[in-house]
$ cat input20.pdb   # PDB, C-alpha atoms and all ligand atoms
MODEL        1
ATOM      1  CA  MET B 215       5.702 -21.405  -6.337
ATOM      2  CA  THR B 216       3.535 -19.189  -8.540
ATOM      3  CA  ASP B 217       2.143 -20.516 -11.824
ATOM      4  CA  ARG B 218       2.460 -17.374 -13.888
ATOM      5  CA  THR B 219       0.686 -18.933 -16.874
ATOM      6  CA  SER B 220      -2.590 -18.813 -14.925
ATOM      7  CA  GLU B 221      -2.330 -15.144 -14.025
ATOM      8  CA  ARG B 222      -5.129 -12.899 -15.257
ATOM      9  CA  ALA B 223      -4.327 -10.180 -17.774
ATOM     10  CA  PRO B 224      -5.201  -6.683 -16.597
ATOM     11  CA  ASP B 225      -8.382  -4.972 -17.851
ATOM     12  CA  GLU B 226      -6.898  -1.615 -16.937
ATOM     13  CA  THR B 227      -3.798  -0.145 -15.384
ATOM     14  CA  PRO B 228      -3.772   1.235 -11.845
ATOM     15  CA  LYS B 229      -3.088   4.953 -11.669
ATOM     16  CA  LEU B 230       0.261   5.466  -9.974
ATOM     17  CA  LYS B 231       2.150   8.618  -9.170
ATOM     18  CA  GLU B 232       5.912   8.260  -9.302
ATOM     19  CA  TYR B 233       8.419  10.223  -7.261
ATOM     20  CA  GLU B 234      11.900   9.594  -8.556
ATOM     21  CA  GLY B 235      14.943  10.113  -6.359
ATOM     22  CA  GLU B 236      18.606   9.382  -6.816
ATOM     23  CA  GLY B 237      18.714   6.507  -4.351
ATOM     24  CA  ILE B 238      15.131   5.347  -4.414
ATOM     25  CA  THR B 239      11.897   5.908  -6.336
ATOM     26  CA  VAL B 240       8.578   5.891  -4.505
ATOM     27  CA  THR B 241       5.246   5.206  -6.188
ATOM     28  CA  PHE B 242       1.838   6.098  -4.805
ATOM     29  CA  GLU B 243      -1.544   4.620  -5.776
ATOM     30  CA  PRO B 244      -3.996   7.204  -4.435
ATOM     31  CA  ARG B 245      -7.112   4.998  -4.555
ATOM     32  CA  ARG B 246      -5.545   2.593  -2.065
ATOM     33  CA  CYS B 247      -4.447   5.138   0.514
ATOM     34  CA  LEU B 248      -6.547   4.685   3.666
ATOM     35  CA  HIS B 249      -4.538   5.357   6.714
ATOM     36  CA  ALA B 250      -3.253   8.868   7.382
ATOM     37  CA  ALA B 251      -0.440   7.930   9.684
ATOM     38  CA  GLU B 252       2.532   5.757   8.938
ATOM     39  CA  CYS B 253       4.224   7.695   6.139
ATOM     40  CA  VAL B 254       3.713  11.253   7.364
ATOM     41  CA  HIS B 255       4.518  10.349  10.963
ATOM     42  CA  GLY B 256       7.420   8.086  10.034
ATOM     43  CA  LEU B 257       9.375  10.528   7.852
ATOM     44  CA  PRO B 258       7.731  13.962   7.735
ATOM     45  CA  GLU B 259      10.653  15.394   5.784
ATOM     46  CA  VAL B 260       9.891  12.946   2.956
ATOM     47  CA  PHE B 261       6.095  12.648   3.189
ATOM     48  CA  ASP B 262       4.322  15.974   3.667
ATOM     49  CA  LEU B 263       0.713  16.352   2.545
ATOM     50  CA  SER B 264       0.905  20.139   2.666
ATOM     51  CA  ARG B 265       3.672  20.232   0.054
ATOM     52  CA  ARG B 266       3.783  19.620  -3.704
ATOM     53  CA  PRO B 267       5.199  17.188  -4.529
ATOM     54  CA  TRP B 268       4.153  15.573  -1.284
ATOM     55  CA  VAL B 269       6.888  12.910  -1.559
ATOM     56  CA  LEU B 270      10.577  13.918  -1.691
ATOM     57  CA  PRO B 271      12.455  10.586  -1.831
ATOM     58  CA  ASP B 272      15.896  12.199  -1.520
ATOM     59  CA  ALA B 273      15.042  14.033   1.712
ATOM     60  CA  ALA B 274      16.202  11.014   3.746
ATOM     61  CA  GLU B 275      18.527   8.073   3.345
ATOM     62  CA  ALA B 276      17.092   5.524   0.878
ATOM     63  CA  GLY B 277      17.057   2.689   3.424
ATOM     64  CA  LEU B 278      15.016   4.790   5.821
ATOM     65  CA  VAL B 279      12.544   5.712   3.084
ATOM     66  CA  ALA B 280      12.145   2.024   2.240
ATOM     67  CA  GLU B 281      11.603   1.135   5.879
ATOM     68  CA  VAL B 282       8.807   3.688   6.257
ATOM     69  CA  VAL B 283       7.174   2.696   2.962
ATOM     70  CA  ARG B 284       7.067  -0.893   4.219
ATOM     71  CA  ARG B 285       4.921   0.344   7.107
ATOM     72  CA  CYS B 286       2.206   1.477   4.655
ATOM     73  CA  PRO B 287      -0.478  -1.115   5.403
ATOM     74  CA  SER B 288      -2.546  -0.604   2.265
ATOM     75  CA  GLY B 289       0.297  -0.949  -0.218
ATOM     76  CA  ALA B 290      -0.560   2.487  -1.636
ATOM     77  CA  LEU B 291       3.136   3.263  -1.290
ATOM     78  CA  GLN B 292       5.783   1.134  -2.977
ATOM     79  CA  TYR B 293       9.503   1.676  -3.436
ATOM     80  CA  HIS B 294      12.147   0.827  -5.991
ATOM     81  CA  PRO B 295      15.754   1.294  -4.859
ATOM     82  CA  ALA B 296      18.264   2.442  -7.465
ATOM     83  CA  ASP B 297      20.366  -0.669  -6.717
ATOM     84  CA  GLY B 298      17.580  -2.877  -8.131
ATOM     85  CA  SER B 299      16.787  -4.611  -4.849
ATOM     86  CA  VAL B 300      13.183  -5.553  -4.110
ATOM     87  CA  GLU B 301      10.947  -5.670  -1.062
ATOM     88  CA  HIS B 302      10.935  -9.064   0.619
ATOM     89  CA  PRO B 303       7.451 -10.153   1.671
ATOM     90  CA  ASP B 304       6.775 -10.865   5.331
ATOM     91  CA  SER B 305       6.928 -14.511   6.296
ATOM     92  CA  PRO B 306       4.767 -16.061   7.481
ATOM     93  CA  THR B 307       1.941 -14.299   5.672
ATOM     94  CA  SER B 308      -0.417 -12.626   8.101
ATOM     95  CA  VAL B 309      -4.132 -11.823   7.820
ATOM     96  CA  ARG B 310      -6.051  -9.682  10.255
ATOM     97  CA  ARG B 311      -9.705  -8.653  10.096
ATOM     98  CA  THR B 312     -10.686  -5.221  11.418
ATOM     99  CA  PRO B 313     -14.010  -4.788  13.275
ATOM    100  CA  SER B 314     -15.729  -3.495  10.117
ATOM    101  CA  GLY B 315     -14.452  -6.307   7.931
ATOM    102  CA  GLN B 316     -11.319  -5.076   6.185
ATOM    103  CA  LEU B 317      -8.718  -7.753   5.633
ATOM    104  CA  VAL B 318      -5.239  -6.496   6.408
ATOM    105  CA  MET B 319      -2.691  -8.810   4.822
ATOM    106  CA  ARG B 320       1.105  -8.923   4.605
ATOM    107  CA  GLY B 321       3.125 -11.570   2.842
ATOM    108  CA  ASP B 322       3.755 -13.108  -0.560
ATOM    109  CA  LEU B 323       0.383 -12.312  -2.148
ATOM    110  CA  LEU B 324      -1.227 -12.613  -5.579
ATOM    111  CA  VAL B 325      -4.273 -10.333  -5.662
ATOM    112  CA  SER B 326      -6.807 -10.744  -8.487
ATOM    113  CA  GLY B 327      -9.023  -7.888  -9.619
ATOM    114  CA  ALA B 328      -9.677  -5.325 -12.328
ATOM    115  CA  TYR B 329      -5.949  -4.867 -12.742
ATOM    116  CA  GLY B 330      -5.332  -8.553 -13.373
ATOM    117  CA  ASP B 331      -3.228 -10.579 -10.961
ATOM    118  CA  ARG B 332      -0.835  -8.417  -8.989
ATOM    119  CA  HIS B 333       2.026  -9.573  -6.821
ATOM    120  CA  GLU B 334       1.699  -7.705  -3.563
ATOM    121  CA  THR B 335       3.382  -7.633  -0.188
ATOM    122  CA  ARG B 336       0.917  -5.408   1.727
ATOM    123  CA  VAL B 337      -2.813  -4.967   1.098
ATOM    124  CA  MET B 338      -6.007  -3.943   2.800
ATOM    125  CA  LEU B 339      -8.885  -5.746   1.100
ATOM    126  CA  CYS B 340     -12.597  -4.889   1.237
ATOM    127  CA  GLY B 341     -14.631  -7.330   3.285
ATOM    128  CA  CYS B 342     -17.962  -5.495   3.163
ATOM    129  CA  GLY B 343     -18.575  -5.316  -0.604
ATOM    130  CA  ALA B 344     -19.044  -1.534  -0.695
ATOM    131  CA  SER B 345     -15.679  -0.583  -2.134
ATOM    132  CA  GLY B 346     -15.550   1.027  -5.549
ATOM    133  CA  ASN B 347     -12.001  -0.254  -5.927
ATOM    134  CA  ARG B 348     -12.497  -3.943  -5.084
ATOM    135  CA  PRO B 349     -10.774  -6.066  -4.053
ATOM    136  CA  TYR B 350      -9.045  -3.188  -2.255
ATOM    137  CA  CYS B 351     -10.827  -1.292   0.494
ATOM    138  CA  ASP B 352     -11.552   2.358  -0.348
ATOM    139  CA  HIS B 353     -13.317   3.416   2.864
ATOM    140  CA  SER B 354     -16.761   3.401   1.209
ATOM    141  CA  GLY B 355     -18.212   1.108   3.861
ATOM    142  CA  PRO B 356     -18.432   1.006   7.661
ATOM    143  CA  CYS B 357     -14.633   1.022   7.748
ATOM    144  CA  ALA B 358     -14.822   4.778   7.154
ATOM    145  CA  GLU B 359     -15.509   5.240  10.869
ATOM    146  CA  PRO B 360     -12.581   7.090  12.461
ATOM    147  CA  ASP B 361      -9.802   4.834  13.691
ATOM    148  CA  ASP B 362     -11.435   1.606  12.545
ATOM    149  CA  ASP B 363      -8.305   0.513  10.694
ATOM    150  CA  VAL B 364      -5.809   1.958  13.158
ATOM    151  CA  PRO B 365      -4.309  -0.974  15.052
ATOM    152  CA  GLU B 366      -3.583   1.067  18.185
ATOM    153  CA  ALA B 367      -7.282   1.856  18.480
ATOM    154  CA  ARG B 368      -8.206  -1.738  19.153
TER     155      ARG B 368
HETATM  156  S1  LIG V 401       0.994   4.960   5.124
HETATM  157 FE1  LIG V 401       0.058   4.342   3.154
HETATM  158  S2  LIG V 401      -2.129   4.185   3.556
HETATM  159 FE2  LIG V 401      -1.191   5.380   5.251
HETATM  160  S3  LIG V 401      -1.386   7.567   4.625
HETATM  161 FE3  LIG V 401       0.605   6.832   3.941
HETATM  162  S4  LIG V 401       0.237   6.149   1.835
HETATM  163 FE4  LIG V 401      -1.753   6.259   2.814
HETATM  164  S1  LIG V 402     -14.210  -2.896   4.021
HETATM  165 FE1  LIG V 402     -13.666  -0.831   3.486
HETATM  166  S2  LIG V 402     -14.992  -0.435   1.767
HETATM  167 FE2  LIG V 402     -15.483  -2.472   2.327
ENDMDL
END
$ encode --input "input20.pdb" --output "structure tokens"
Amino acid sequence: MTDRTSERAPDETPKLKEYEGEGITVTFEPRRCLHAAECVHGLPEVFDLSRRPWVLPDAAEAGLVAEVVRRCPSGALQYHPADGSVEHPDSPTSVRRTPSGQLVMRGDLLVSGAYGDRHETRVMLCGCGASGNRPYCDHSGPCAEPDDDVPEAR
């Protein structure tokens, strides 16, 4: 159980872009996006980098949008269904280290950093110290090598 009284207050607020749909709203935190694959390959009619806005949450059924957002390994994408339901964290929590040191985590997480303590379900954390967005990885370090954080490449 989380002791919320010990949570750190945020020094600043993360910059989020919000894409509101009728059935589901998707948010995007650009500084955490690392992995050009899961969203655009999973639902190209919803996620299209060549379009503005690049996210159209109503272009697919809300449950499908949620399922593809949950594949986003960095947590850059989040979703908020209109019915008020929330994403359930993976159990058991998993941690995987990529060859260059990123920590890829899924589960019931409390991540401390410049934004205070944030409840997260999916994160990719910096393990090399080079990130300008610590504790999150931002591809400033050796992880910037092509395919380093793509699971199929290992
Ligand atoms: S799945 Fe997440 S990390 Fe990958 S490109 Fe989409 S938003 Fe970025
Ligand atoms: S592991 Fe990616 S910037 Fe450090």
$ closest_residue --input "input20.pdb" --among "B:Glu232, B:Glu243, B:Leu291, B:Val269" --to "Asn347 of chain B" --atoms "all atoms listed in the file"
B:Glu243
$ resolve_selection --input "input20.pdb" --expression "the PyMOL selection byres (((not hetatm)) within 6 of (chain V and resi 402))" --output "list in words"
Gly315, Gln316, Cys340, Gly341, Cys342, Gly343, Ala344, Ser345, Cys351, Asp352, His353, Ser354, Gly355 and Cys357 of chain B
$ residues_around --input "input20.pdb" --residues "segment 298-312 of chain B" --least-positions-apart "6" --cutoff "12 Å" --atoms "all atoms listed in the file" --output "ChimeraX atom specification"
/B:237-239,276-277,280-281,283-285,287,289,291-292,318-324,333-342,351,356-359,361-368
$ closest_residue --input "input20.pdb" --among "B:Pro228, B:Leu257, B:Ser326, B:Ser264" --to "Arg245 of chain B" --atoms "only C-alpha atoms"
B:Pro228
$ closest_residue --input "input20.pdb" --among "B:Ala296, B:Glu275, B:Thr227, B:Tyr350" --to "ligand LIG 401 (chain V)" --atoms "only C-alpha atoms and all ligand atoms"
B:Tyr350
$ closest_residue --input "input20.pdb" --among "B:Ala251, B:Leu278, B:Leu263, B:Ala273" --to "ligand LIG 401 (chain V)" --atoms "only C-alpha atoms and all ligand atoms"
B:Ala251
$ resolve_selection --input "input20.pdb" --expression "the PyMOL selection byres (((not hetatm)) within 6 of (chain V and resi 401))" --output "list in words"
Cys247, Leu248, His249, Ala250, Ala251, Glu252, Cys253, Cys286, Pro287, Ser288, Ala290 and Leu291 of chain B
$ resolve_selection --input "input20.pdb" --expression "the PyMOL selection byres (((chain B and resi 260) around 9) and not hetatm)" --output "list in words"
Cys253, Val254, Gly256, Leu257, Pro258, Glu259, Phe261, Asp262, Trp268, Val269, Leu270, Pro271, Asp272, Ala273, Ala274 and Val279 of chain B
$ atom_distance --input "input20.pdb" --atom1 "atom CA of Val240 of chain B" --atom2 "atom CA of Arg265 of chain B"
15.8 Å
$ atom_distance --input "input20.pdb" --atom1 "atom CA of Glu234 of chain B" --atom2 "atom CA of Arg332 of chain B"
22.1 Å
$ atom_distance --input "input20.pdb" --atom1 "atom CA of Tyr329 of chain B" --atom2 "atom CA of Leu317 of chain B"
18.8 Å
$ closest_residue --input "input20.pdb" --among "B:His255, B:Phe242, B:Pro313, B:Glu226" --to "Ala328 of chain B" --atoms "all atoms listed in the file"
B:Glu226
$ axis_aligned_box --input "input20.pdb" --around "segment 289-296 of chain B" --padding-each-side "5 Å" --output "JSON"
{"center_x": 8.9, "center_y": 1.2, "center_z": -3.8, "size_x": 28.8, "size_y": 14.2, "size_z": 17.2}
